[in-house]
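> Take a look at this one; I'll ask things after.
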Amino acid sequence: MVDVVFVFEVHQPFRLRRDILRSVISDGIRGRLSFEKLFDMLFDSRLNEEIFTRVADKCYVRATKILLDSIKAVRRAGGDFRFAMSVSGVLIEQALKWDKRVVEVIQEAVAENAVELVEQTYYHSLASLFSPDEFAEQLLLHRVAVKQLFGVEPKVAENTEFIYNNDIAHMLSRLGYTTILTEGCEKILGWRSPNYVYRARGCDARVLMRNYRLSDDIGFRFSDRSWDQYPLTADKYASWVANTPGDVILIAMDYETFGEHHSPSTGILEFLKWLPIELSKHGNVNIATPSEAVQRHEPRDFIDVPMWETISWADERDLSAWLGTSMQRTAFDIYTSLEPYVKAVGGEALRIWRLLGASDHLYYMAIKSGPAADVHHYFSPYKDVFIAYTAVIEALAILSTMVLQEISSKPKVYAHRIVLPCSKAFQFYLGPAMPLPYRARSLRELIAIATSLAPPESLAYHVVRGDLAKWFREMLLLDDVAKELEILGARVREGFVNTKGLREELLKILSEI
C-alpha cells in the first residue's frame with residue numbers, strides 16, 4: 001500500500017510600495033522619521049490587505065472548509081484523509097490583522113486531527129543560505145507562533161520553497177526536526193524515484209521528496225486547456241495516484257492553487273471537494289501525514305546534495321529564482337551585510353530587516369524566459385523587474401541609513417552588541433601566511449583573545465599593519481578607537497612601545513570602549 005502525503009504551503013509577503021522615496025521624503029519633512037513609522041513608509045498596506053482578504057475569501061477559508069467537509073464524509077464511510085500545511089509567520093500576522101477566519105479554520109482543522117502543521121522560517125526567508133543563527137532564530141519564532149495559536153510543535157520542516165542541501169539538513173536535524181520535505185529532482189535522484197523515504201547524508205533526518213509531476217498536474221496544468229489531459233477530474237487524478245509505484249508519494253503545492261491561482265470557475269474547488277472521496281475508493285492508497293509516512297517506511301537510500309547543487313521547487317529546481325541575476329545577488333549581498341547591525345539595534349529595525357528578507361522580494365527581480373517567466377510575472381505586483389529591484393534597494397538604503405545613524409549616536413554602546421558573521425571575523429596571524437587558531441566575531445571575543453591567547457608578536461603584527469584599526473573602523477564602526485590604534489601602531493614602529501608592553505597599551509584602549 002502506498003502512502004500519499006498532501007502538503008500545502010501557505011504564504012503571503014508584505015509587498016513594498018512603489019513610491020518609497022516620496023513617502024520617506026514626505027515624512028522626513030514633517031519630522032516623523034522613526035523606526036516605528038518605517039513599516040508604513042516602506043510597505044504597501046493597502047495592496048497587502050486587498051490581496052490577503054481576497055485570497056483568504058477565495059482560498060484559505062473556503063478551501064479549508066471544503067476539505068474539512070470532505071474529510072468528515074470520508075470518515076463517516078470508514079476511511080480517512082489528512083493533509084499537512086506549512087503556514088509562514090508573516091501570513092499568520094496578516095490573518096490576525098485582516099481576517100481571523102483563516103486562523104480559526106486552521107485551528108478547527110487541528111482540532112479535527114485533519115492537519116499536521118509543518119515548520120518553516122517565520123519570514124519565508126533565505127536565511128539558510130547566509131546565516132545559521134538567523135535560520136535557527138526564524139524557525140524558533142515560527143515554532144512559538146504555531147504553539148501559541150494552534151497548540152502543537154512541528155517535528156517536520158520544509159525550508160523556504162523546499163530549498164535543500166546537506167548543510168540545511170544538518171541544521172534542521174540539530175534543531176530537532178526528524179523529517180524534511182524537499183524537491184524530487186532528477187539531478188539528485190538520478191535513476192531513483194522520489195516516491196520513497198530517504199535519509200539525509202551525514203545525519204539521521206528522514207527526507208520526503210516531492211513528486212513534481214503529480215504536484216504540477218494540479219498546481220500548474222489544471223486549468224490549461226491546451227494540456228492533453230484537460231480537464232482533470234478527481235477520479236482521473238485518483239487513478240493516476242493509485243497506479244503510481246513507490247512507498248510514499250509527496251504531493252505539494254501552494255495552497256493558493258485552490259481558488260486563487262486557479263479561479264473557482266475552473267472547477268478547482270469541486271476537484272478539491274471530490275479528491276478525498278475518490279482517493280478513498282482505492283484500496284491500495286493510504287492518505288498520511290509526513291510524520292505518519294516516515295514512521296511506516298524505512299529509508300531506501302540517502303540523499304546527497306552538496307551546497308553547490310542546492311535544490312528547490314522553483315523554476316529549474318535550483319536557486320536561480322532568487323539569485324540568478326546580478327540585480328538579485330547585489331540586493332542579497334546588501335541585505336545580508338546589514339545583519340549584525342540591525343541585530344545590534346534590535347526592535348522594529350530588526351523586524352523591518354526580516355520582512356525585507358522574504359524570498360518574494362528577490363523572486364520578483366528574476367529574469368526568466370518561457371513558462372518560468374510567466375509564473376514570475378504572475379506573482380509580481382510590479383510586473384517589471386527593475387521596479388522590483390528599485391523598491392528593494394531603496395528600502396534597504398533607508399533602513400541602513402537609519403540603523404547606522406542610530407549606531408553612530410551611541411557607537412561604544414552598540415559596539416558591544418555587534419556579532420559579525422564568520423566571514424567578517426578578525427583572524428589573528430603570527431605573521432604573513434601564519435594563521436593562529438583564534439578568530440573574533442565580536443568585541444568581547446577580541447578582548448578575550450587579546451588578553452591571554454594571542455602572543456605579543458601577533459598583537460604587534462596587527463597593530464603595526466593597521467589591521468585592528470581597519471577592523472574597528474569598518475566592522476564595529478568605531479572611528480575614534482581606530483584612530484587610537486593607528487597612533488599606537490605608529491608608536492610601536494618608532495620604538496616608543498616595545499612588544500612586551502604592547503598588550504597592556506592595547507587592553508587599555510579596549511577597556512575604555
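Ordered as shown in the C-alpha cells, chains take letters A, B, and onward, while each chain numbers its residues from 1 and ligands are numbered from 1 in the order shown.
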Looking only at the backbone, which of the residues in range 142-182 of chain A does DSSP tag as strand (DSSP E or B), as a ChimeraX atom specification?

/A:156-158,164,179-182

> I need the residues from that last selection saved to file as a short mmCIF file (atom, residue, chain, number, x, y, z; two decimals), in the first residue's frame (with N, CA and C atoms), if you can.


data_model
loop_
_atom_site.label_atom_id
_atom_site.label_comp_id
_atom_site.auth_asym_id
_atom_site.auth_seq_id
_atom_site.Cartn_x
_atom_site.Cartn_y
_atom_site.Cartn_z
N VAL A 156 8.21 18.19 11.68
CA VAL A 156 8.51 18.14 10.24
C VAL A 156 8.81 19.56 9.78
N ALA A 157 9.81 19.71 8.94
CA ALA A 157 10.19 21.05 8.47
C ALA A 157 10.35 21.07 6.96
N GLU A 158 10.01 22.20 6.39
CA GLU A 158 10.37 22.49 4.99
C GLU A 158 11.04 23.84 4.99
N TYR A 164 17.03 23.09 -0.30
CA TYR A 164 17.63 21.99 0.46
C TYR A 164 19.06 21.72 -0.01
N THR A 179 11.98 15.07 10.17
CA THR A 179 11.62 14.86 8.77
C THR A 179 11.73 16.18 8.02
N ILE A 180 12.29 16.12 6.81
CA ILE A 180 12.48 17.31 5.98
C ILE A 180 11.83 17.07 4.62
N LEU A 181 11.15 18.07 4.12
CA LEU A 181 10.49 17.99 2.82
C LEU A 181 11.30 18.76 1.79
N THR A 182 11.47 18.18 0.61
CA THR A 182 12.17 18.90 -0.45
C THR A 182 11.73 18.39 -1.81
#

> Which of range 340-414 of chain A end up as helix (DSSP H, G or I) when DSSP is run on this backbone - answer as a ChimeraX atom specification?

/A:340-345,347-356,359-363,370-379,385-409,411-414

> Provide the CA of Glu93 in chain A to CA of Arg18 in chain A distance in Å, to one decimal place.

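Between CA of Glu93 in chain A and CA of Arg18 in chain A the gap works out to 22.3 Å.
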
> To one decimal place in Å, what is the distance between CA of Val105 in chain A and CA of Asp57 in chain A?

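Going from CA of Val105 in chain A over to CA of Asp57 in chain A, I get 11.8 Å.
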
> Tell me which of A:Ser369, A:Ser400, A:Ser452, A:Asn286 sits closest to Val2 in chain A, counting only C-alpha atoms.

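For Val2 in chain A, the nearest of the candidates is A:Asn286.
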
> I want to know what sits within 8 Å of range 130-134 of chain A, based on only C-alpha atoms, with residues of the same chain fewer than 4 positions away left out; could you give that as a PyMOL selection string?

chain A and resi 126+138+171+336+421

> Suppose we keep C-alpha atoms; can you now write the selection as a PDB file, in the first residue's frame?


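What ended up in out-v9.pdb:
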ATOM      1  CA  LEU A 126      16.629  32.688   2.525  1.00  0.00           C
ATOM      2  CA  GLN A 138      13.357  32.309  12.462  1.00  0.00           C
ATOM      3  CA  MET A 171      20.978  22.384  10.716  1.00  0.00           C
ATOM      4  CA  THR A 336      22.930  40.117   4.370  1.00  0.00           C
ATOM      5  CA  PRO A 421      29.402  36.578  10.651  1.00  0.00           C
TER       6      PRO A 421
END

> Pick the closest to Asp40 in chain A from A:Leu468, A:Thr64, A:Ile352, A:Val385: which is it, counting only C-alpha atoms?

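Counting only C-alpha atoms, the residue closest to Asp40 in chain A is A:Ile352.
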
> Write out as JSON lines the residues of range 225-244 of chain A that have any atom within 12 Å of an atom of range 193-215 of chain A, one row each with the nearest atom pair and its distance in Å to one decimal, counting only C-alpha atoms, sorted by chain and then rising number.


{"residue": "A:Leu232", "atom": "CA", "partner": "A:Leu214", "partner_atom": "CA", "distance": 11.6}
{"residue": "A:Lys236", "atom": "CA", "partner": "A:Leu214", "partner_atom": "CA", "distance": 11.9}
{"residue": "A:Tyr237", "atom": "CA", "partner": "A:Leu214", "partner_atom": "CA", "distance": 8.5}
{"residue": "A:Ala238", "atom": "CA", "partner": "A:Leu214", "partner_atom": "CA", "distance": 10.4}
{"residue": "A:Ser239", "atom": "CA", "partner": "A:Leu214", "partner_atom": "CA", "distance": 11.6}
{"residue": "A:Trp240", "atom": "CA", "partner": "A:Leu214", "partner_atom": "CA", "distance": 8.4}
{"residue": "A:Val241", "atom": "CA", "partner": "A:Leu214", "partner_atom": "CA", "distance": 7.8}
{"residue": "A:Ala242", "atom": "CA", "partner": "A:Leu214", "partner_atom": "CA", "distance": 11.6}
{"residue": "A:Asn243", "atom": "CA", "partner": "A:Leu214", "partner_atom": "CA", "distance": 11.8}
{"residue": "A:Thr244", "atom": "CA", "partner": "A:Asn195", "partner_atom": "CA", "distance": 8.6}

> Can you write out the residues you just picked, keeping N, CA and C atoms, as a PDB file, in the first residue's frame?


ATOM      1  N   LEU A 232      -8.955  17.875 -15.919  1.00  0.00           N
ATOM      2  CA  LEU A 232      -8.518  16.942 -14.877  1.00  0.00           C
ATOM      3  C   LEU A 232      -9.640  16.804 -13.854  1.00  0.00           C
ATOM      4  N   LYS A 236     -10.056  10.804 -12.207  1.00  0.00           N
ATOM      5  CA  LYS A 236      -8.896  10.564 -13.070  1.00  0.00           C
ATOM      6  C   LYS A 236      -7.595  10.721 -12.283  1.00  0.00           C
ATOM      7  N   TYR A 237      -7.505  11.793 -11.529  1.00  0.00           N
ATOM      8  CA  TYR A 237      -6.279  12.046 -10.762  1.00  0.00           C
ATOM      9  C   TYR A 237      -6.071  10.950  -9.713  1.00  0.00           C
ATOM     10  N   ALA A 238      -7.134  10.537  -9.048  1.00  0.00           N
ATOM     11  CA  ALA A 238      -7.023   9.476  -8.038  1.00  0.00           C
ATOM     12  C   ALA A 238      -6.513   8.187  -8.666  1.00  0.00           C
ATOM     13  N   SER A 239      -6.936   7.890  -9.892  1.00  0.00           N
ATOM     14  CA  SER A 239      -6.459   6.675 -10.562  1.00  0.00           C
ATOM     15  C   SER A 239      -4.974   6.787 -10.906  1.00  0.00           C
ATOM     16  N   TRP A 240      -4.518   7.998 -11.288  1.00  0.00           N
ATOM     17  CA  TRP A 240      -3.084   8.193 -11.533  1.00  0.00           C
ATOM     18  C   TRP A 240      -2.285   7.910 -10.270  1.00  0.00           C
ATOM     19  N   VAL A 241      -2.755   8.472  -9.164  1.00  0.00           N
ATOM     20  CA  VAL A 241      -2.051   8.288  -7.893  1.00  0.00           C
ATOM     21  C   VAL A 241      -2.021   6.804  -7.514  1.00  0.00           C
ATOM     22  N   ALA A 242      -3.166   6.143  -7.645  1.00  0.00           N
ATOM     23  CA  ALA A 242      -3.269   4.738  -7.246  1.00  0.00           C
ATOM     24  C   ALA A 242      -2.363   3.839  -8.083  1.00  0.00           C
ATOM     25  N   ASN A 243      -2.055   4.254  -9.299  1.00  0.00           N
ATOM     26  CA  ASN A 243      -1.224   3.442 -10.177  1.00  0.00           C
ATOM     27  C   ASN A 243       0.240   3.884 -10.212  1.00  0.00           C
ATOM     28  N   THR A 244       0.607   4.772  -9.312  1.00  0.00           N
ATOM     29  CA  THR A 244       1.990   5.240  -9.220  1.00  0.00           C
ATOM     30  C   THR A 244       2.760   4.353  -8.247  1.00  0.00           C
TER      31      THR A 244
END

> Distance CA of Gly246 in chain A-CA of Ile287 in chain A, one decimal place?

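Separation between CA of Gly246 in chain A and CA of Ile287 in chain A: 13.7 Å.
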
> Write out as a tab-separated table a residue-level contact list of range 292-359 of chain A versus range 114-121 of chain A with cut-off 12 Å: for each qualifying residue the closest pair of atoms and the distance in Å to one decimal, counting only C-alpha atoms, rows sorted by chain and residue number upward.


residue	atom	partner	partner_atom	distance
A:Glu292	CA	A:Glu116	CA	9.8
A:Ala293	CA	A:Glu116	CA	11.9
A:Arg354	CA	A:Thr121	CA	10.6
A:Leu355	CA	A:Thr121	CA	11.6
A:Gly357	CA	A:Thr121	CA	10.8
A:Ala358	CA	A:Thr121	CA	9.5
A:Ser359	CA	A:Thr121	CA	10.6

> I need the chosen residues saved as a PDB file, in the first residue's frame, with N, CA and C atoms.


ATOM      1  N   GLU A 292       3.492  10.400   9.777  1.00  0.00           N
ATOM      2  CA  GLU A 292       2.989   9.026   9.683  1.00  0.00           C
ATOM      3  C   GLU A 292       3.726   8.249   8.597  1.00  0.00           C
ATOM      4  N   ALA A 293       3.995   8.898   7.471  1.00  0.00           N
ATOM      5  CA  ALA A 293       4.634   8.210   6.351  1.00  0.00           C
ATOM      6  C   ALA A 293       6.042   7.744   6.700  1.00  0.00           C
ATOM      7  N   ARG A 354      13.949  41.799   8.658  1.00  0.00           N
ATOM      8  CA  ARG A 354      13.483  40.434   8.408  1.00  0.00           C
ATOM      9  C   ARG A 354      12.342  40.415   7.395  1.00  0.00           C
ATOM     10  N   LEU A 355      11.456  41.379   7.436  1.00  0.00           N
ATOM     11  CA  LEU A 355      10.390  41.454   6.440  1.00  0.00           C
ATOM     12  C   LEU A 355      10.964  41.684   5.038  1.00  0.00           C
ATOM     13  N   GLY A 357      13.640  40.487   4.080  1.00  0.00           N
ATOM     14  CA  GLY A 357      14.334  39.257   3.711  1.00  0.00           C
ATOM     15  C   GLY A 357      13.430  38.179   3.168  1.00  0.00           C
ATOM     16  N   ALA A 358      12.135  38.442   3.059  1.00  0.00           N
ATOM     17  CA  ALA A 358      11.230  37.449   2.457  1.00  0.00           C
ATOM     18  C   ALA A 358      11.709  37.130   1.045  1.00  0.00           C
ATOM     19  N   SER A 359      11.723  35.856   0.698  1.00  0.00           N
ATOM     20  CA  SER A 359      12.255  35.433  -0.600  1.00  0.00           C
ATOM     21  C   SER A 359      11.507  36.073  -1.768  1.00  0.00           C
TER      22      SER A 359
END

> Would you kindly return, as a PyMOL selection string, each protein, DNA or RNA residue with an atom no farther than 10 Å from any atom of range 446-448 of chain A, considering only C-alpha atoms and excluding same-chain residues fewer than 2 positions away?

chain A and resi 425-428+438-444+450-454+468+506-507+510-511

> Can I get the selection written as a PDB file, in the first residue's frame, with N, CA and C atoms?


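Result written to part35.pdb:
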ATOM      1  N   ALA A 425      34.855  37.963  10.699  1.00  0.00           N
ATOM      2  CA  ALA A 425      35.555  37.854  11.979  1.00  0.00           C
ATOM      3  C   ALA A 425      37.013  38.275  11.817  1.00  0.00           C
ATOM      4  N   PHE A 426      37.613  38.760  12.918  1.00  0.00           N
ATOM      5  CA  PHE A 426      39.023  39.139  12.879  1.00  0.00           C
ATOM      6  C   PHE A 426      39.871  37.891  13.075  1.00  0.00           C
ATOM      7  N   GLN A 427      40.687  37.560  12.077  1.00  0.00           N
ATOM      8  CA  GLN A 427      41.557  36.391  12.117  1.00  0.00           C
ATOM      9  C   GLN A 427      42.948  36.821  12.586  1.00  0.00           C
ATOM     10  N   PHE A 428      43.403  36.215  13.650  1.00  0.00           N
ATOM     11  CA  PHE A 428      44.727  36.528  14.178  1.00  0.00           C
ATOM     12  C   PHE A 428      45.806  35.747  13.427  1.00  0.00           C
ATOM     13  N   TYR A 438      42.695  31.533  16.291  1.00  0.00           N
ATOM     14  CA  TYR A 438      41.866  32.483  17.030  1.00  0.00           C
ATOM     15  C   TYR A 438      41.158  33.415  16.044  1.00  0.00           C
ATOM     16  N   ARG A 439      39.836  33.504  16.202  1.00  0.00           N
ATOM     17  CA  ARG A 439      39.045  34.437  15.398  1.00  0.00           C
ATOM     18  C   ARG A 439      38.030  35.105  16.300  1.00  0.00           C
ATOM     19  N   ALA A 440      37.833  36.390  16.109  1.00  0.00           N
ATOM     20  CA  ALA A 440      36.909  37.154  16.951  1.00  0.00           C
ATOM     21  C   ALA A 440      35.763  37.676  16.102  1.00  0.00           C
ATOM     22  N   ARG A 441      34.531  37.307  16.492  1.00  0.00           N
ATOM     23  CA  ARG A 441      33.340  37.806  15.799  1.00  0.00           C
ATOM     24  C   ARG A 441      32.749  39.017  16.505  1.00  0.00           C
ATOM     25  N   SER A 442      33.248  39.327  17.685  1.00  0.00           N
ATOM     26  CA  SER A 442      32.681  40.423  18.467  1.00  0.00           C
ATOM     27  C   SER A 442      33.776  41.100  19.268  1.00  0.00           C
ATOM     28  N   LEU A 443      33.443  42.261  19.809  1.00  0.00           N
ATOM     29  CA  LEU A 443      34.383  42.981  20.663  1.00  0.00           C
ATOM     30  C   LEU A 443      34.749  42.144  21.876  1.00  0.00           C
ATOM     31  N   ARG A 444      33.787  41.482  22.459  1.00  0.00           N
ATOM     32  CA  ARG A 444      34.038  40.651  23.633  1.00  0.00           C
ATOM     33  C   ARG A 444      35.044  39.540  23.327  1.00  0.00           C
ATOM     34  N   ALA A 450      42.871  38.922  22.943  1.00  0.00           N
ATOM     35  CA  ALA A 450      43.994  39.842  23.141  1.00  0.00           C
ATOM     36  C   ALA A 450      44.519  39.792  24.567  1.00  0.00           C
ATOM     37  N   THR A 451      43.674  39.447  25.527  1.00  0.00           N
ATOM     38  CA  THR A 451      44.073  39.434  26.937  1.00  0.00           C
ATOM     39  C   THR A 451      45.031  38.298  27.256  1.00  0.00           C
ATOM     40  N   SER A 452      44.771  37.096  26.713  1.00  0.00           N
ATOM     41  CA  SER A 452      45.575  35.960  27.174  1.00  0.00           C
ATOM     42  C   SER A 452      45.975  34.957  26.100  1.00  0.00           C
ATOM     43  N   LEU A 453      45.315  34.964  24.958  1.00  0.00           N
ATOM     44  CA  LEU A 453      45.567  33.903  23.974  1.00  0.00           C
ATOM     45  C   LEU A 453      46.559  34.307  22.895  1.00  0.00           C
ATOM     46  N   ALA A 454      46.381  35.459  22.307  1.00  0.00           N
ATOM     47  CA  ALA A 454      47.259  35.887  21.222  1.00  0.00           C
ATOM     48  C   ALA A 454      48.639  36.250  21.762  1.00  0.00           C
ATOM     49  N   LEU A 468      43.966  45.905  12.989  1.00  0.00           N
ATOM     50  CA  LEU A 468      42.993  46.117  14.056  1.00  0.00           C
ATOM     51  C   LEU A 468      42.249  47.430  13.866  1.00  0.00           C
ATOM     52  N   LEU A 506      47.323  48.100  24.500  1.00  0.00           N
ATOM     53  CA  LEU A 506      46.165  47.740  23.692  1.00  0.00           C
ATOM     54  C   LEU A 506      44.935  47.515  24.557  1.00  0.00           C
ATOM     55  N   LEU A 507      45.095  46.773  25.636  1.00  0.00           N
ATOM     56  CA  LEU A 507      43.957  46.487  26.504  1.00  0.00           C
ATOM     57  C   LEU A 507      43.432  47.743  27.179  1.00  0.00           C
ATOM     58  N   LEU A 510      41.106  49.229  24.652  1.00  0.00           N
ATOM     59  CA  LEU A 510      39.895  48.431  24.512  1.00  0.00           C
ATOM     60  C   LEU A 510      39.003  48.517  25.743  1.00  0.00           C
ATOM     61  N   SER A 511      39.620  48.680  26.910  1.00  0.00           N
ATOM     62  CA  SER A 511      38.821  48.734  28.146  1.00  0.00           C
ATOM     63  C   SER A 511      37.995  50.002  28.254  1.00  0.00           C
TER      64      SER A 511
END

> Under the rule of at most 8 Å, produce a per-residue listing of range 144-253 of chain A near range 267-272 of chain A: chain, number, name, the closest pair of atoms, and the distance in Å, as a Markdown table, using only C-alpha atoms.


| residue | atom | partner | partner_atom | distance |
| --- | --- | --- | --- | --- |
| A:Phe222 | CA | A:Ile268 | CA | 7.6 |
| A:Thr233 | CA | A:Phe271 | CA | 6.2 |
| A:Ala234 | CA | A:Phe271 | CA | 5.3 |

> Once you have the residues from the selection above, write them out as a tab-separated table (two decimals), in the first residue's frame, restricted to N, CA and C atoms.


chain	number	residue	atom	x	y	z
A	222	PHE	N	-3.80	22.35	-14.21
A	222	PHE	CA	-5.21	22.05	-14.01
A	222	PHE	C	-6.13	22.81	-14.97
A	233	THR	N	-10.13	15.60	-13.70
A	233	THR	CA	-11.18	15.33	-12.72
A	233	THR	C	-10.60	14.58	-11.53
A	234	ALA	N	-11.32	14.59	-10.43
A	234	ALA	CA	-10.83	13.95	-9.21
A	234	ALA	C	-10.67	12.45	-9.39

> Write out as a list in words the residues lying within 9 Å of Ile367 in chain A, counting only C-alpha atoms and excluding same-chain residues fewer than 3 positions away.

Ala321, Gly324, Thr325, Tyr364, Ala373, His376 and Val385 of chain A

> With N, CA and C atoms retained, export the selected residues as a PDB file, in the first residue's frame.


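Output below, filename again.pdb:
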ATOM      1  N   ALA A 321      15.833  31.280  -9.141  1.00  0.00           N
ATOM      2  CA  ALA A 321      14.627  32.098  -8.992  1.00  0.00           C
ATOM      3  C   ALA A 321      14.875  33.307  -8.096  1.00  0.00           C
ATOM      4  N   GLY A 324      19.662  34.393  -9.421  1.00  0.00           N
ATOM      5  CA  GLY A 324      20.142  34.093 -10.755  1.00  0.00           C
ATOM      6  C   GLY A 324      20.689  35.266 -11.534  1.00  0.00           C
ATOM      7  N   THR A 325      20.416  36.506 -11.084  1.00  0.00           N
ATOM      8  CA  THR A 325      20.890  37.680 -11.824  1.00  0.00           C
ATOM      9  C   THR A 325      21.760  38.551 -10.928  1.00  0.00           C
ATOM     10  N   TYR A 364      10.701  38.534  -7.359  1.00  0.00           N
ATOM     11  CA  TYR A 364      10.115  39.498  -8.291  1.00  0.00           C
ATOM     12  C   TYR A 364      11.152  40.076  -9.256  1.00  0.00           C
ATOM     13  N   ALA A 373       9.060  32.537 -16.819  1.00  0.00           N
ATOM     14  CA  ALA A 373       8.852  33.990 -16.859  1.00  0.00           C
ATOM     15  C   ALA A 373       7.392  34.338 -16.599  1.00  0.00           C
ATOM     16  N   HIS A 376       6.735  34.089 -12.802  1.00  0.00           N
ATOM     17  CA  HIS A 376       7.288  35.233 -12.065  1.00  0.00           C
ATOM     18  C   HIS A 376       6.446  36.483 -12.308  1.00  0.00           C
ATOM     19  N   VAL A 385      10.918  43.942 -13.529  1.00  0.00           N
ATOM     20  CA  VAL A 385      11.999  43.557 -12.606  1.00  0.00           C
ATOM     21  C   VAL A 385      12.774  44.769 -12.103  1.00  0.00           C
TER      22      VAL A 385
END

> Which one of A:Val463, A:Glu183, A:Leu356, A:Phe39 sits closest to Ala490 in chain A if you count only C-alpha atoms?

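The closest residue to Ala490 in chain A is A:Val463.
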
> Identify which of the residues A:Ala331, A:Glu474, A:Met307, A:Val103 lies closest to Gln148 in chain A, counting only C-alpha atoms when measuring atom-to-atom distances.

A:Val103

> Which polymer residues have any atom within 12 Å of an atom of Val146 in chain A, counting only C-alpha atoms, with same-chain residues fewer than 4 positions away left out, as a ChimeraX atom specification?

/A:85-93,103,106-107,110,116-122,139-142,150-155

> With a distance cut-off of 6 Å and only C-alpha atoms, select the neighbouring residues of Asn166 in chain A, excluding the residue or stretch itself and same-chain residues fewer than 2 positions from it, and output the selection as an MDAnalysis selection string.

chainID A and resid 168:169 305:306

> Which one is closest to Tyr389 in chain A: A:Gly346, A:Val24, A:Leu16, A:Ser223? Count only C-alpha atoms.

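Between A:Gly346, A:Val24, A:Leu16, A:Ser223, the residue approaching Tyr389 in chain A most closely is A:Leu16.
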